[in-house]
Structures are given as C-alpha cells and as structure tokens.
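The file coords05.txt contains compact mmCIF, C-alpha atoms:
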# COMPACT_ATOMS: atom_id res chain seq x y z
CA MET A 722 -42.77 74.34 -2.12
CA ALA A 723 -44.41 71.05 -2.94
CA TYR A 724 -42.89 68.31 -5.04
CA ARG A 725 -45.07 65.98 -7.06
CA LYS A 726 -43.67 63.08 -9.03
CA ASP A 727 -45.46 63.07 -12.33
CA TRP A 728 -43.39 60.58 -14.30
CA PRO A 729 -44.01 56.85 -14.20
CA GLN A 730 -41.60 53.96 -14.61
CA PRO A 731 -40.03 52.85 -16.82
CA GLN A 732 -38.01 55.78 -18.02
CA ALA A 733 -35.54 55.41 -20.84
CA GLY A 734 -32.85 52.99 -19.72
CA ASN A 735 -29.15 52.89 -20.34
CA GLN A 736 -27.76 53.25 -23.79
CA GLY A 737 -28.08 50.00 -25.72
CA PHE A 738 -24.42 49.16 -25.52
CA ALA A 739 -24.27 49.53 -21.73
CA ARG A 740 -22.98 46.35 -20.09
CA THR A 741 -22.26 44.82 -23.48
CA MET A 742 -18.97 42.97 -23.64
CA LYS A 743 -16.55 44.51 -26.12
CA VAL A 744 -13.05 43.86 -27.40
CA TYR A 745 -10.88 46.77 -28.46
CA GLY A 746 -7.52 46.54 -30.15
CA ARG A 747 -5.69 45.71 -33.32
CA SER A 748 -2.45 44.37 -34.68
CA VAL A 749 -0.09 47.21 -33.96
CA ASN A 750 2.70 47.74 -36.48
CA VAL A 751 5.91 48.09 -34.48
CA SER A 752 9.01 49.38 -36.25
CA THR A 753 12.65 48.88 -35.37
CA THR A 754 12.82 52.58 -34.51
CA ASP A 755 10.12 52.09 -31.88
CA LEU A 756 12.32 49.51 -30.16
CA ALA A 757 15.71 51.15 -30.54
CA THR A 758 15.58 53.65 -27.70
CA ILE A 759 14.37 53.37 -24.14
CA ASN A 760 11.02 55.10 -23.49
CA ASN A 761 10.00 55.23 -27.13
CA VAL A 762 6.21 55.14 -27.26
CA VAL A 763 3.76 53.79 -29.83
CA GLY A 764 0.15 54.94 -29.77
CA CYS A 765 -1.82 51.73 -30.35
CA PHE A 766 -5.56 52.51 -30.33
CA MET A 767 -8.27 54.23 -28.33
CA VAL A 768 -10.71 52.80 -25.81
CA PRO A 769 -13.91 54.67 -25.01
CA GLY A 770 -14.75 56.39 -21.76
CA GLY A 771 -16.63 54.07 -19.42
CA PHE A 772 -14.89 50.92 -20.66
CA VAL A 773 -14.21 48.52 -17.77
CA LEU A 774 -11.25 46.26 -18.50
CA THR A 775 -11.41 42.57 -17.58
CA ASN A 776 -8.52 40.94 -19.44
CA LEU A 777 -5.83 41.10 -22.05
CA LEU A 778 -6.47 38.48 -24.72
CA THR A 779 -3.80 35.78 -24.91
CA THR A 780 -2.54 36.56 -28.38
CA VAL A 781 0.88 35.51 -29.66
CA VAL A 782 3.48 38.24 -29.46
CA PRO A 783 6.14 37.89 -32.17
CA ASP A 784 9.88 38.01 -31.60
CA LEU A 785 10.81 41.69 -31.51
CA ASP A 786 14.48 41.48 -30.53
CA THR A 787 17.41 39.54 -31.99
CA GLY A 788 19.01 39.92 -28.57
CA ALA A 789 17.59 39.63 -25.08
CA THR A 790 17.26 43.11 -23.69
CA LEU A 791 13.84 44.40 -24.81
CA THR A 792 11.09 44.96 -22.28
CA ILE A 793 7.74 46.54 -23.08
CA SER A 794 4.91 48.02 -21.07
CA LEU A 795 1.29 48.64 -22.02
CA GLY A 796 -0.85 51.33 -20.49
CA ASP A 797 -1.92 54.86 -21.03
CA ALA A 798 -0.46 58.32 -20.62
CA ALA A 799 -1.36 58.50 -16.93
CA THR A 800 0.05 55.06 -16.08
CA PRO A 801 2.17 53.58 -18.87
CA ASN A 802 2.38 50.17 -17.16
CA ARG A 803 -1.28 49.91 -16.13
CA LEU A 804 -1.89 46.83 -18.32
CA LEU A 805 1.51 45.20 -18.59
CA SER A 806 4.71 46.16 -16.81
CA ALA A 807 8.20 45.73 -18.31
CA SER A 808 7.47 42.38 -19.92
CA ASN A 809 10.25 40.49 -21.69
CA VAL A 810 7.81 38.59 -23.92
CA GLY A 811 9.19 40.36 -27.01
CA GLN A 812 12.72 39.03 -26.50
CA ALA A 813 11.84 35.71 -28.10
CA GLY A 814 8.10 36.01 -28.67
CA GLY A 815 5.37 34.09 -26.86
CA ASN A 816 1.93 34.38 -25.39
CA MET A 817 0.76 37.77 -24.25
CA PRO A 818 1.11 37.81 -20.44
CA ALA A 819 -1.86 38.20 -18.13
CA LEU A 820 -3.27 41.62 -17.42
CA ALA A 821 -1.55 43.45 -14.55
CA THR A 822 -3.60 43.73 -11.38
CA THR A 823 -3.62 47.52 -11.77
CA GLY A 824 -5.64 47.07 -14.97
CA PHE A 825 -8.17 44.55 -13.69
CA LEU A 826 -11.63 46.14 -13.53
CA TYR A 827 -10.09 49.53 -14.24
CA ARG A 828 -12.72 51.91 -15.62
CA PHE A 829 -11.35 54.34 -18.19
CA PRO A 830 -12.86 57.69 -17.22
CA ALA A 831 -12.58 59.18 -20.71
CA ASP A 832 -11.61 58.20 -24.23
CA THR A 833 -8.05 57.01 -23.72
CA GLU A 834 -5.17 56.12 -25.99
CA ILE A 835 -3.48 52.79 -25.21
CA ILE A 836 0.29 53.09 -25.57
CA MET A 837 3.18 50.66 -25.77
CA THR A 838 6.46 51.79 -24.24
CA ALA A 839 9.91 50.29 -24.73
CA THR A 840 10.97 50.21 -21.07
CA ALA A 841 14.31 48.74 -22.13
CA ALA A 842 15.58 49.03 -25.69
CA ALA A 843 16.05 46.05 -28.00
CA ALA A 844 19.57 44.88 -28.79
CA GLY A 845 18.42 44.35 -32.35
CA GLY A 846 14.85 45.39 -33.01
CA ILE A 847 12.64 43.36 -35.35
CA ALA A 848 9.71 45.08 -37.05
CA ALA A 849 6.50 43.09 -36.58
CA ALA A 850 2.77 43.37 -35.99
CA VAL A 851 1.86 42.91 -32.33
CA PRO A 852 -1.74 41.82 -31.70
CA ILE A 853 -3.04 43.70 -28.66
CA TYR A 854 -6.68 43.20 -27.66
CA LEU A 855 -8.42 44.38 -24.52
CA GLN A 856 -11.62 42.67 -23.39
CA GLY A 857 -14.14 44.26 -21.10
CA PHE A 858 -17.52 45.92 -21.07
CA ILE A 859 -19.12 49.30 -21.21
CA GLY A 860 -19.77 50.13 -17.61
CA PRO A 861 -23.01 51.32 -16.15
CA MET B 1196 -60.55 24.33 -46.18
CA VAL B 1197 -57.55 25.46 -48.15
CA TYR B 1198 -54.48 26.98 -46.56
CA ARG B 1199 -52.44 29.48 -48.53
CA LYS B 1200 -49.21 30.92 -47.16
CA ASP B 1201 -49.29 34.59 -47.92
CA TRP B 1202 -46.33 35.84 -45.89
CA GLY B 1203 -42.73 35.77 -47.05
CA GLN B 1204 -39.41 35.68 -45.22
CA PRO B 1205 -37.95 37.42 -43.40
CA GLN B 1206 -40.40 37.92 -40.59
CA PRO B 1207 -39.33 40.04 -37.60
CA GLY B 1208 -36.38 38.35 -35.93
CA VAL B 1209 -35.50 37.87 -32.33
CA GLN B 1210 -34.74 40.78 -30.07
CA GLY B 1211 -31.60 42.58 -31.10
CA PHE B 1212 -29.73 41.90 -27.90
CA LEU B 1213 -30.25 38.14 -28.11
CA ARG B 1214 -26.99 36.25 -27.56
CA THR B 1215 -25.01 39.45 -27.10
CA ALA B 1216 -22.55 39.08 -24.24
CA LYS B 1217 -23.62 41.29 -21.33
CA VAL B 1218 -22.05 42.01 -17.97
CA TYR B 1219 -24.16 42.72 -14.90
CA GLY B 1220 -22.89 43.83 -11.54
CA ARG B 1221 -21.48 46.80 -9.69
CA LYS B 1222 -19.32 48.04 -6.87
CA VAL B 1223 -21.20 47.09 -3.71
CA ASN B 1224 -20.60 49.00 -0.50
CA ILE B 1225 -20.16 46.56 2.36
CA ALA B 1226 -20.72 47.88 5.87
CA THR B 1227 -19.27 46.36 9.01
CA THR B 1228 -22.81 45.50 10.11
CA ASP B 1229 -23.19 43.31 6.99
CA LEU B 1230 -20.37 41.03 8.08
CA GLY B 1231 -21.95 39.27 11.02
CA SER B 1232 -23.08 35.66 10.80
CA GLY B 1233 -26.09 35.33 8.48
CA GLY B 1234 -25.70 38.79 6.99
CA VAL B 1235 -27.12 39.14 3.48
CA VAL B 1236 -26.58 42.03 1.06
CA GLY B 1237 -28.64 42.46 -2.11
CA MET B 1238 -26.11 43.39 -4.77
CA PHE B 1239 -27.89 43.74 -8.13
CA LYS B 1240 -30.45 42.05 -10.35
CA LEU B 1241 -30.11 39.78 -13.34
CA PRO B 1242 -32.70 40.01 -16.13
CA PRO B 1243 -34.91 37.10 -17.17
CA PHE B 1244 -33.48 34.62 -19.67
CA PHE B 1245 -29.89 35.45 -18.77
CA LEU B 1246 -27.43 32.57 -19.17
CA VAL B 1247 -24.50 32.96 -16.77
CA LEU B 1248 -21.14 32.13 -18.34
CA GLY B 1249 -18.50 33.70 -16.10
CA SER B 1250 -17.63 36.12 -13.34
CA PHE B 1251 -15.20 38.90 -12.53
CA GLY B 1252 -14.65 40.41 -9.12
CA LYS B 1253 -12.40 41.74 -6.45
CA VAL B 1254 -12.91 42.57 -2.82
CA ASP B 1255 -11.24 44.81 -0.30
CA ALA B 1256 -9.93 43.50 2.98
CA LEU B 1257 -13.14 43.19 4.99
CA ALA B 1258 -11.83 41.31 8.01
CA ALA B 1259 -8.69 40.44 9.91
CA SER B 1260 -9.75 36.79 9.97
CA GLY B 1261 -12.71 34.47 10.10
CA LEU B 1262 -14.80 35.80 7.23
CA THR B 1263 -16.15 33.48 4.56
CA PHE B 1264 -18.94 34.55 2.25
CA ASN B 1265 -21.06 33.20 -0.58
CA ILE B 1266 -22.57 34.79 -3.67
CA GLY B 1267 -25.80 33.43 -5.03
CA ASP B 1268 -29.51 34.15 -5.07
CA PRO B 1269 -32.56 33.32 -2.94
CA GLY B 1270 -32.75 29.89 -4.62
CA SER B 1271 -29.15 28.94 -3.84
CA ALA B 1272 -26.93 31.09 -1.67
CA THR B 1273 -23.77 29.48 -3.10
CA ARG B 1274 -24.72 29.31 -6.78
CA TYR B 1275 -21.91 31.57 -8.02
CA LEU B 1276 -19.33 31.55 -5.24
CA SER B 1277 -19.04 29.30 -2.21
CA ALA B 1278 -17.23 30.01 1.04
CA SER B 1279 -14.74 32.49 -0.31
CA THR B 1280 -12.05 33.67 2.09
CA ALA B 1281 -10.91 36.50 -0.20
CA GLY B 1282 -12.40 39.07 2.15
CA VAL B 1283 -9.66 38.30 4.64
CA GLY B 1284 -6.91 40.50 3.32
CA GLY B 1285 -8.66 41.22 0.02
CA GLY B 1286 -8.36 39.48 -3.32
CA THR B 1287 -9.93 38.58 -6.63
CA LEU B 1288 -13.09 36.55 -7.29
CA ASN B 1289 -12.78 35.34 -10.85
CA THR B 1290 -13.70 31.67 -10.56
CA LEU B 1291 -17.36 30.91 -11.06
CA ALA B 1292 -18.74 27.95 -9.12
CA ALA B 1293 -19.65 24.95 -11.27
CA THR B 1294 -23.28 25.37 -10.21
CA GLY B 1295 -23.30 28.83 -11.77
CA LEU B 1296 -21.76 27.99 -15.12
CA ALA B 1297 -24.42 27.93 -17.84
CA TYR B 1298 -27.10 28.54 -15.21
CA PRO B 1299 -30.23 29.93 -16.90
CA VAL B 1300 -31.99 32.70 -14.99
CA TYR B 1301 -35.67 32.51 -15.92
CA THR B 1302 -37.05 35.41 -13.91
CA GLU B 1303 -35.60 38.69 -12.74
CA THR B 1304 -33.39 37.61 -9.84
CA GLU B 1305 -31.47 39.43 -7.15
CA VAL B 1306 -27.85 38.41 -6.68
CA GLN B 1307 -26.88 38.36 -3.02
CA MET B 1308 -23.76 38.18 -0.90
CA ALA B 1309 -24.31 36.08 2.21
CA VAL B 1310 -21.94 35.76 5.12
CA GLN B 1311 -21.22 32.15 6.00
CA ALA B 1312 -18.75 32.75 8.82
CA ALA B 1313 -18.63 36.07 10.59
CA ALA B 1314 -15.75 38.49 10.27
CA VAL B 1315 -13.30 38.99 13.09
CA THR B 1316 -12.51 42.70 13.25
CA PRO B 1317 -14.81 43.65 10.34
CA ALA B 1318 -13.95 46.57 8.09
CA ALA B 1319 -16.14 48.43 5.62
CA GLY B 1320 -15.06 48.18 1.99
CA ILE B 1321 -15.99 47.52 -1.61
CA LEU B 1322 -17.06 44.22 -3.11
CA GLU B 1323 -16.93 44.67 -6.88
CA TYR B 1324 -18.61 41.77 -8.63
CA TYR B 1325 -19.89 41.09 -12.13
CA LEU B 1326 -21.54 38.15 -13.85
CA TRP B 1327 -21.26 37.91 -17.59
CA GLY B 1328 -23.35 35.90 -19.95
CA THR B 1329 -25.91 36.21 -22.68
CA ILE B 1330 -29.61 36.66 -23.18
CA PHE B 1331 -30.71 33.28 -24.52
CA ALA B 1332 -34.39 33.71 -25.32

Structure re-expressed in structure tokens:
Amino acid sequence: MAYRKDWPQPQAGNQGFARTMKVYGRSVNVSTTDLATINNVVGCFMVPGGFVLTNLLTTVVPDLDTGATLTISLGDAATPNRLLSASNVGQAGGNMPALATTGFLYRFPADTEIIMTATAAAAGGIAAAVPIYLQGFIGP
Amino acid sequence: MVYRKDWGQPQPGVQGFLRTAKVYGRKVNIATTDLGSGGVVGMFKLPPFFLVLGSFGKVDALAASGLTFNIGDPGSATRYLSASTAGVGGGTLNTLAATGLAYPVYTETEVQMAVQAAAVTPAAGILEYYLWGTIFA
C-alpha cells in the first residue's frame, strides 16, 4: 500500500480562542448556612476543559466569621483544595491568598465546577459576596 | 486635479486578535543528553509582532547539582531567563528577565533552552514554559 500526501500547509489551525488568556469567576454569594457546618460546599462557577490555570486574582475577601475558626478551601470535586487549602482569610477578611502549587499550570481535562468548601466551620458566619477569579489560558 | 473622498468610516479594522493576550509555550521533554554543557533545545515558536509581557513555568528536578540554564532565542540566549538553577531539585520559573519584558518579536522566532553549566547526574524530565503577551501590530 502506498501513501501519498495530497494536502498542503497550512491546514486549519487551532480554534481562535486557543492560547488566549482568560479570566473565569464571579462574586460568589456565600450564606451563613454555607459556613455553619464543616464540609459544606458551594458550587461557584465552571471552567472549560483545556483551561490552564496560572493564578488566583488578588481580590479582597470579606470578613465571613464573627469569630476566628473558619477555614475555606477552593478546588474541584476531585481535589477540593487544589487552588487554596484551608485558608483562614475569611476569619477577618483580607487579600485572596496566592494559588496553591497544586493548581499552578494545572490543565482542567474537562468542564469542571469550582467549589468552595468550609474546611472548618465559622463561629458566627457572615453572609457576603466572595470575589473568586481564576486567570489562565486555553491550552493548546 | 480635484480630490474627493468617497469612502466613509468605518473601514476594515485591524486583525481581530490584535492586543488580545495570548500565551505561547508547552511542556518540553528534556533528555539527559540535552543537559551537557552547550546543549540547546528548541522549545516552541513565537509569532511575528508578539510583545512579551510575562512568563509562567516550572521544571522537574533535572540534576543533582551543577545545572544552570537560560531561556532565550538565537539573538540572545538569556533574553527571558538567565542562569536559572531551578533544574537542581525542580522549581518554578515565573520571573521574566528585564531584557524580555516588553520585548517585541518582529519575525517568527524559536524560543530555546540553553545549558550554561552542565548537570551533575542529569535526569530526564519536563520543562513547562510559557510566555504571555499580545500581538501589537
């Protein structure tokens, strides 16, 4: 059997959004119920398959706890602390911490829901909008 | 001779991807034979009229000691990263050299990793490296 290459270059390239930098996220409405019990989970938003994560934008996280017991993680169903692990930033509010090393250059293999987990419950939860934004690009 | 402007605005604009932030790069397989003194690995290409604004990267442990490497192009081997030791033990490569920041690439250019000091006990691994920036013209 003989093979003959008939097609010339260039062929159609990547989809237009390939390698384009994107930011996914939103202000997530967190209720006191979400913070009242350990391991409560809030579905935040979806990121598309092929998204390669580079950083977590340094937004300002509001005070979510009248006390000082709350810790939160950010991740997905497979690894709930992939992006942020048991952070206490919600105890008094402050800048969103840096992306965990497990999230750096992580390529989401499929459309994936980003979740926030209360890894330790709040002493007194405060309902607030938490701005969560992931920056990265659509991988090749 | 009289000139009369017949055409109205808007005319066709610039290319749609102009000034859109793009990220070029990939996971590069590094072999032990790449890690000797003077070794150069072609990693990927940047398109013409790409303005480099930042970098992201991480590297596996490629050596027990000794290794330093640069990332640049045929015009300047150290344009984006100079004498990094991150390959000893592994690490991240997020700081772009000052010579790379806002560097305009005018022609299609290969980005290269070049070994500056050879690895002691080299190990094969992944060098994942990306340059981000924008198409400026």

For chain A, work out the contacting residues on chain B at 9 Å, counting only C-alpha atoms, and write them as a PDB file with C-alpha atoms, in the frame of the given file.
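The result, written out as out_19.pdb:
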ATOM      1  CA  PHE B1212     -29.730  41.900 -27.900  1.00  0.00           C
ATOM      2  CA  THR B1215     -25.010  39.450 -27.100  1.00  0.00           C
ATOM      3  CA  ALA B1216     -22.550  39.080 -24.240  1.00  0.00           C
ATOM      4  CA  LYS B1217     -23.620  41.290 -21.330  1.00  0.00           C
ATOM      5  CA  VAL B1218     -22.050  42.010 -17.970  1.00  0.00           C
ATOM      6  CA  TYR B1219     -24.160  42.720 -14.900  1.00  0.00           C
ATOM      7  CA  GLY B1220     -22.890  43.830 -11.540  1.00  0.00           C
ATOM      8  CA  ARG B1221     -21.480  46.800  -9.690  1.00  0.00           C
ATOM      9  CA  PHE B1251     -15.200  38.900 -12.530  1.00  0.00           C
ATOM     10  CA  GLY B1252     -14.650  40.410  -9.120  1.00  0.00           C
ATOM     11  CA  LYS B1253     -12.400  41.740  -6.450  1.00  0.00           C
ATOM     12  CA  GLU B1323     -16.930  44.670  -6.880  1.00  0.00           C
ATOM     13  CA  TRP B1327     -21.260  37.910 -17.590  1.00  0.00           C
TER      14      TRP B1327
END

CA of Gly746 in chain A to CA of Ile835 in chain A measures 8.9 Å

* Dump as a ChimeraX atom specification all residues having an atom at most 12 Å from (-22.7, 50.1, 3.7), computed in the file's coordinates with only C-alpha atoms. => /B:1222-1230,1235-1238,1257,1318-1322

Export, as an mmCIF file, keeping the file's coordinate frame, the selected residues with C-alpha atoms.
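Okay, again.cif is ready:
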data_model
loop_
_atom_site.group_PDB
_atom_site.id
_atom_site.type_symbol
_atom_site.label_atom_id
_atom_site.label_comp_id
_atom_site.auth_asym_id
_atom_site.auth_seq_id
_atom_site.Cartn_x
_atom_site.Cartn_y
_atom_site.Cartn_z
ATOM 1 C CA LYS B 1222 -19.320 48.040 -6.870
ATOM 2 C CA VAL B 1223 -21.200 47.090 -3.710
ATOM 3 C CA ASN B 1224 -20.600 49.000 -0.500
ATOM 4 C CA ILE B 1225 -20.160 46.560 2.360
ATOM 5 C CA ALA B 1226 -20.720 47.880 5.870
ATOM 6 C CA THR B 1227 -19.270 46.360 9.010
ATOM 7 C CA THR B 1228 -22.810 45.500 10.110
ATOM 8 C CA ASP B 1229 -23.190 43.310 6.990
ATOM 9 C CA LEU B 1230 -20.370 41.030 8.080
ATOM 10 C CA VAL B 1235 -27.120 39.140 3.480
ATOM 11 C CA VAL B 1236 -26.580 42.030 1.060
ATOM 12 C CA GLY B 1237 -28.640 42.460 -2.110
ATOM 13 C CA MET B 1238 -26.110 43.390 -4.770
ATOM 14 C CA LEU B 1257 -13.140 43.190 4.990
ATOM 15 C CA ALA B 1318 -13.950 46.570 8.090
ATOM 16 C CA ALA B 1319 -16.140 48.430 5.620
ATOM 17 C CA GLY B 1320 -15.060 48.180 1.990
ATOM 18 C CA ILE B 1321 -15.990 47.520 -1.610
ATOM 19 C CA LEU B 1322 -17.060 44.220 -3.110
#

12 Å contact set for range 759-761 of chain A, only C-alpha atoms, chain neighbours under 5 positions out, as a PyMOL selection string: chain A and resi 751-754+790-795+801-802+807+836-844+846

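Put simply, CA of Leu1326 in chain B is 20.7 Å away from CA of Gln1311 in chain B.
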
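Of note, CA of Val763 in chain A and CA of Thr823 in chain A are spaced 20.5 Å apart.
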
Export range 791-817 of chain A of the preceding structure, keeping N, CA, C and O atoms, as a PDB file, in the first residue's frame.
ATOM      1  N   LEU A 791     -13.187  29.879  61.096  1.00  0.00           N
ATOM      2  CA  LEU A 791     -13.470  29.482  59.712  1.00  0.00           C
ATOM      3  C   LEU A 791     -12.195  29.262  58.901  1.00  0.00           C
ATOM      4  O   LEU A 791     -11.287  30.094  58.918  1.00  0.00           O
ATOM      5  N   THR A 792     -12.158  28.159  58.186  1.00  0.00           N
ATOM      6  CA  THR A 792     -11.163  27.995  57.124  1.00  0.00           C
ATOM      7  C   THR A 792     -11.897  27.522  55.876  1.00  0.00           C
ATOM      8  O   THR A 792     -12.893  26.781  55.961  1.00  0.00           O
ATOM      9  N   ILE A 793     -11.406  27.965  54.727  1.00  0.00           N
ATOM     10  CA  ILE A 793     -12.042  27.594  53.458  1.00  0.00           C
ATOM     11  C   ILE A 793     -10.993  27.062  52.486  1.00  0.00           C
ATOM     12  O   ILE A 793      -9.829  27.463  52.518  1.00  0.00           O
ATOM     13  N   SER A 794     -11.462  26.160  51.632  1.00  0.00           N
ATOM     14  CA  SER A 794     -10.630  25.652  50.544  1.00  0.00           C
ATOM     15  C   SER A 794     -11.333  25.913  49.227  1.00  0.00           C
ATOM     16  O   SER A 794     -12.567  25.990  49.174  1.00  0.00           O
ATOM     17  N   LEU A 795     -10.546  26.027  48.167  1.00  0.00           N
ATOM     18  CA  LEU A 795     -11.077  26.156  46.812  1.00  0.00           C
ATOM     19  C   LEU A 795     -10.480  25.057  45.965  1.00  0.00           C
ATOM     20  O   LEU A 795      -9.281  24.766  46.039  1.00  0.00           O
ATOM     21  N   GLY A 796     -11.316  24.461  45.142  1.00  0.00           N
ATOM     22  CA  GLY A 796     -10.831  23.392  44.278  1.00  0.00           C
ATOM     23  C   GLY A 796     -11.946  22.861  43.433  1.00  0.00           C
ATOM     24  O   GLY A 796     -12.839  23.602  43.004  1.00  0.00           O
ATOM     25  N   ASP A 797     -11.917  21.573  43.219  1.00  0.00           N
ATOM     26  CA  ASP A 797     -12.949  20.930  42.429  1.00  0.00           C
ATOM     27  C   ASP A 797     -13.304  19.601  43.092  1.00  0.00           C
ATOM     28  O   ASP A 797     -12.723  19.249  44.131  1.00  0.00           O
ATOM     29  N   ALA A 798     -14.228  18.874  42.497  1.00  0.00           N
ATOM     30  CA  ALA A 798     -14.709  17.661  43.145  1.00  0.00           C
ATOM     31  C   ALA A 798     -13.589  16.642  43.353  1.00  0.00           C
ATOM     32  O   ALA A 798     -13.556  15.938  44.359  1.00  0.00           O
ATOM     33  N   ALA A 799     -12.653  16.584  42.411  1.00  0.00           N
ATOM     34  CA  ALA A 799     -11.576  15.597  42.522  1.00  0.00           C
ATOM     35  C   ALA A 799     -10.579  15.984  43.612  1.00  0.00           C
ATOM     36  O   ALA A 799     -10.096  15.122  44.351  1.00  0.00           O
ATOM     37  N   THR A 800     -10.266  17.269  43.701  1.00  0.00           N
ATOM     38  CA  THR A 800      -9.316  17.758  44.704  1.00  0.00           C
ATOM     39  C   THR A 800      -9.858  19.071  45.253  1.00  0.00           C
ATOM     40  O   THR A 800      -9.621  20.142  44.692  1.00  0.00           O
ATOM     41  N   PRO A 801     -10.579  19.020  46.353  1.00  0.00           N
ATOM     42  CA  PRO A 801     -11.238  20.231  46.860  1.00  0.00           C
ATOM     43  C   PRO A 801     -10.294  21.334  47.311  1.00  0.00           C
ATOM     44  O   PRO A 801     -10.714  22.467  47.477  1.00  0.00           O
ATOM     45  N   ASN A 802      -9.013  21.014  47.524  1.00  0.00           N
ATOM     46  CA  ASN A 802      -8.058  22.060  47.932  1.00  0.00           C
ATOM     47  C   ASN A 802      -7.004  22.304  46.848  1.00  0.00           C
ATOM     48  O   ASN A 802      -5.905  22.760  47.138  1.00  0.00           O
ATOM     49  N   ARG A 803      -7.364  22.041  45.607  1.00  0.00           N
ATOM     50  CA  ARG A 803      -6.387  22.202  44.516  1.00  0.00           C
ATOM     51  C   ARG A 803      -5.914  23.659  44.395  1.00  0.00           C
ATOM     52  O   ARG A 803      -4.756  23.915  44.063  1.00  0.00           O
ATOM     53  N   LEU A 804      -6.792  24.622  44.644  1.00  0.00           N
ATOM     54  CA  LEU A 804      -6.464  26.025  44.400  1.00  0.00           C
ATOM     55  C   LEU A 804      -6.088  26.775  45.669  1.00  0.00           C
ATOM     56  O   LEU A 804      -5.294  27.712  45.640  1.00  0.00           O
ATOM     57  N   LEU A 805      -6.694  26.376  46.757  1.00  0.00           N
ATOM     58  CA  LEU A 805      -6.464  27.050  48.044  1.00  0.00           C
ATOM     59  C   LEU A 805      -6.801  26.039  49.127  1.00  0.00           C
ATOM     60  O   LEU A 805      -7.852  25.408  49.081  1.00  0.00           O
ATOM     61  N   SER A 806      -5.907  25.897  50.106  1.00  0.00           N
ATOM     62  CA  SER A 806      -6.082  24.839  51.095  1.00  0.00           C
ATOM     63  C   SER A 806      -6.264  25.410  52.494  1.00  0.00           C
ATOM     64  O   SER A 806      -5.351  26.058  53.036  1.00  0.00           O
ATOM     65  N   ALA A 807      -7.457  25.218  53.059  1.00  0.00           N
ATOM     66  CA  ALA A 807      -7.743  25.555  54.459  1.00  0.00           C
ATOM     67  C   ALA A 807      -7.230  26.935  54.847  1.00  0.00           C
ATOM     68  O   ALA A 807      -6.538  27.101  55.848  1.00  0.00           O
ATOM     69  N   SER A 808      -7.613  27.930  54.062  1.00  0.00           N
ATOM     70  CA  SER A 808      -7.171  29.297  54.339  1.00  0.00           C
ATOM     71  C   SER A 808      -8.038  29.925  55.425  1.00  0.00           C
ATOM     72  O   SER A 808      -9.255  29.733  55.455  1.00  0.00           O
ATOM     73  N   ASN A 809      -7.409  30.744  56.266  1.00  0.00           N
ATOM     74  CA  ASN A 809      -8.156  31.449  57.308  1.00  0.00           C
ATOM     75  C   ASN A 809      -8.492  32.887  56.898  1.00  0.00           C
ATOM     76  O   ASN A 809      -8.855  33.706  57.736  1.00  0.00           O
ATOM     77  N   VAL A 810      -8.358  33.198  55.611  1.00  0.00           N
ATOM     78  CA  VAL A 810      -8.550  34.581  55.161  1.00  0.00           C
ATOM     79  C   VAL A 810      -9.945  35.100  55.498  1.00  0.00           C
ATOM     80  O   VAL A 810     -10.129  36.297  55.729  1.00  0.00           O
ATOM     81  N   GLY A 811     -10.942  34.210  55.601  1.00  0.00           N
ATOM     82  CA  GLY A 811     -12.301  34.653  55.882  1.00  0.00           C
ATOM     83  C   GLY A 811     -12.566  34.976  57.344  1.00  0.00           C
ATOM     84  O   GLY A 811     -13.631  35.473  57.686  1.00  0.00           O
ATOM     85  N   GLN A 812     -11.604  34.709  58.204  1.00  0.00           N
ATOM     86  CA  GLN A 812     -11.827  34.980  59.639  1.00  0.00           C
ATOM     87  C   GLN A 812     -11.930  36.476  59.925  1.00  0.00           C
ATOM     88  O   GLN A 812     -12.668  36.897  60.806  1.00  0.00           O
ATOM     89  N   ALA A 813     -11.169  37.254  59.195  1.00  0.00           N
ATOM     90  CA  ALA A 813     -11.242  38.718  59.368  1.00  0.00           C
ATOM     91  C   ALA A 813     -11.314  39.435  58.028  1.00  0.00           C
ATOM     92  O   ALA A 813     -11.394  40.648  57.993  1.00  0.00           O
ATOM     93  N   GLY A 814     -11.241  38.680  56.942  1.00  0.00           N
ATOM     94  CA  GLY A 814     -11.174  39.289  55.619  1.00  0.00           C
ATOM     95  C   GLY A 814      -9.750  39.672  55.267  1.00  0.00           C
ATOM     96  O   GLY A 814      -8.884  39.778  56.153  1.00  0.00           O
ATOM     97  N   GLY A 815      -9.508  39.867  53.977  1.00  0.00           N
ATOM     98  CA  GLY A 815      -8.158  40.237  53.525  1.00  0.00           C
ATOM     99  C   GLY A 815      -7.966  39.851  52.085  1.00  0.00           C
ATOM    100  O   GLY A 815      -8.916  39.425  51.404  1.00  0.00           O
ATOM    101  N   ASN A 816      -6.743  39.986  51.624  1.00  0.00           N
ATOM    102  CA  ASN A 816      -6.456  39.654  50.229  1.00  0.00           C
ATOM    103  C   ASN A 816      -6.525  38.148  49.993  1.00  0.00           C
ATOM    104  O   ASN A 816      -6.102  37.359  50.840  1.00  0.00           O
ATOM    105  N   MET A 817      -7.048  37.802  48.842  1.00  0.00           N
ATOM    106  CA  MET A 817      -7.086  36.392  48.451  1.00  0.00           C
ATOM    107  C   MET A 817      -5.649  35.862  48.422  1.00  0.00           C
ATOM    108  O   MET A 817      -4.771  36.461  47.803  1.00  0.00           O
TER     109      MET A 817
END
